[in-house]
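Worksheet: the structure to be examined is printed underneath.
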Amino acid sequence: MANNPIIKICSLSKTFVGASDPAVRDVSLTIETSEIFGLLGPNGAGKTTTISILCGLFPPSSGSVTIDGMSLDGNIDHIKQIIGVVPQDIALYPMLTARENLNFYGHMYGLSGKPLKDKIELWLNNFGLAEAGNNRLSSYSGGMKRRLNLIAGILHDPKILFLDEPTVGVDVQSRAVIIDHLKELNKAGTTVIYTSHHMEEAELFCSRVAIIDNGNIIVEGTPKQLIENNEGCSNLESVFLNLTKRKLRD
């Protein structure tokens with residue numbers, strides 16, 4: 001892989017007001033251009049906090065982030081134009097139709113007119129939602145909402161795409177469609193940063209992963225490397241359990 005980092009994270013930490021322990025502790029990572037990078041960890045491990053900092057939702061307590069050669073501190077407005085964010089929660093309006101939701105988000109990204117309309121129709125067709133495009137979101141199944149949630153994050157052709165549990169709670173068919181289209185986006189040059197609890201999915205999907213627990217990165221590498229380096233482990237899920245242990249995280 002060419003040494004061409006699109007994201008550099010150096011000694012990143014975040015402690016929320018009133019918290020006794022940091023949510024993220026001294027995290028350092030380099031993510032290459034056009035990678036599919038998985039950030040994996042148990043509940044409360046620091047995944048969403050890390051992604052939220054990278055997206056500019058709140059500042060770190062310490063450390064630095066560089067995205068596409070720009071410091072996150074002082075360049076957030078420009079950085080937000082080149083990133084797409086697909087949150088774990090459905091970030092759409094239930095009383096609007098699919099087309100109305102996408103039209104709203106497209107305008108937020110500065111798109112309008114025929115180019116926006118064409119993009120909306122392209123992605124609705126690609127994700128099997130064109131026929132239901134004039135139905136209110138409140139009538140959609142969980143899988144349909146997930147697919148539309150993804151479209152809202154990619155309408156503006158982002159250079160970097162952040163995905164927080166993009167396939168949580170969906171059926172096998174919806175998951176397959178989502179993953180297939182994400183692979184196509186990546187082949188076209190989009191760098192993908194992805195969190196998930198689906199270890200089998202992550203093993204097949206990600207070019208490289210880091211496992212985070214208690215706010216610390218405990219290991220990183222390709223799925224194949226991690227499996228080979230952990231004796232007795234035959235897949236990424238067994239590596240994950242071996243490193244994070246089986247204590248329940250609620």
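Following the order of the structure tokens, chains are lettered A, B, ..., residues in each are numbered from 1, and ligands are numbered from 1.
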Quiz item: If you run DSSP on this backbone, which residues of segment 51-188 of chain A come out as strand (DSSP E or B), and could you give them as a list in words?
Solution: Ser62, Gly63, Ser64, Val65, Thr66, Ile67, Met70, Ser71, Ile83, Gly84, Val85, Val86, Thr97, Arg136, Ile160, Leu161, Phe162, Leu163 and Asp164 of chain A
Exercise. Write out as a list in words each polymer residue whose atoms come within 12 Å of Pro22 of chain A, counting only C-alpha atoms; drop sequence neighbours fewer than 3 positions from it.
Key: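 So, after excluding close chain neighbours, the residues are Leu12, Ser13, Lys14, Thr15, Phe16, Val17, Gly18, Ala19, Arg25, Asp26, Val27, Gly44, Ala45, Gly46, Thr49, Thr50, Pro60, Ser61, Ser62, Asp213, Asn214, Gly215 and Asn216 of chain A.
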What are the closest atom pairs, with distances in Å to one decimal, for each residue of segment 145-171 of chain A lying within 12 Å of segment 112-116 of chain A, using only C-alpha atoms, rows by chain and rising residue number, as CSV?
residue,atom,partner,partner_atom,distance
A:Ala152,CA,A:Leu116,CA,11.7
A:Ile154,CA,A:Leu116,CA,11.9
A:Leu155,CA,A:Leu116,CA,8.1
A:His156,CA,A:Leu116,CA,8.8
A:Asp157,CA,A:Leu116,CA,11.4
Quiz item: Hey, what's within 9 Å of Ile120 of chain A if we count only C-alpha atoms and toss same-chain stuff fewer than 6 positions away? As a PyMOL selection string, please?
Solution: chain A and resi 99+102-103+106+151+155
Which residues of segment 82-167 of chain A come within 9 Å of segment 172-180 of chain A, and for each one, what is the closest pair of atoms and their distance in Å to one decimal, counting only C-alpha atoms, sorted by chain and residue number, as CSV?
residue,atom,partner,partner_atom,distance
A:Asn126,CA,A:Val177,CA,8.9
A:Phe127,CA,A:Val177,CA,7.0
A:Gly143,CA,A:Ser174,CA,5.6
A:Met144,CA,A:Ser174,CA,7.6
A:Arg146,CA,A:Ser174,CA,8.2
A:Arg147,CA,A:Ile178,CA,6.7
A:Leu150,CA,A:Ile178,CA,8.0
A:Pro166,CA,A:Ile178,CA,8.0
A:Thr167,CA,A:Arg175,CA,5.6
Exercise. Quick one: pick out all alpha helix (DSSP H) residues within segment 25-246 of chain A from a backbone DSSP run and write them as a PyMOL selection string.
Key: chain A and resi 47-54+72-82+98-108+113-126+142-154+172-187+199-205+223-229+236-244
Set the distance at 7 Å and use only C-alpha atoms: which residues neighbour Gly41 of chain A once local chain neighbours fewer than 2 positions away are removed? I'd like the list as an mmCIF file with C-alpha atoms, in the first residue's frame.
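Written file, result-v9.cif:
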data_model
loop_
_atom_site.group_PDB
_atom_site.id
_atom_site.type_symbol
_atom_site.label_atom_id
_atom_site.label_comp_id
_atom_site.auth_asym_id
_atom_site.auth_seq_id
_atom_site.Cartn_x
_atom_site.Cartn_y
_atom_site.Cartn_z
ATOM 1 C CA LEU A 39 -12.420 0.771 14.150
ATOM 2 C CA ASN A 43 -19.780 -0.889 23.743
ATOM 3 C CA ALA A 45 -14.796 1.488 24.072
ATOM 4 C CA LYS A 47 -15.285 4.180 18.789
ATOM 5 C CA ILE A 211 -9.353 -2.708 18.044
ATOM 6 C CA ILE A 212 -10.069 -0.126 20.736
ATOM 7 C CA ASP A 213 -10.998 -0.892 24.361
#
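Shortest atom-to-atom contact with Gly189 of chain A among A:Ser11, A:Pro158, A:Leu111, A:Leu29: A:Pro158, counting only C-alpha atoms.
The nearest approach to Asp164 of chain A among the residues A:Ser234, A:Thr48, A:Thr191, A:Thr222, with only C-alpha atoms taken into account, belongs to A:Thr48.
Rounded to one decimal, atom CA of Asp68 of chain A and atom CA of Lys159 of chain A lie 9.0 Å from each other.
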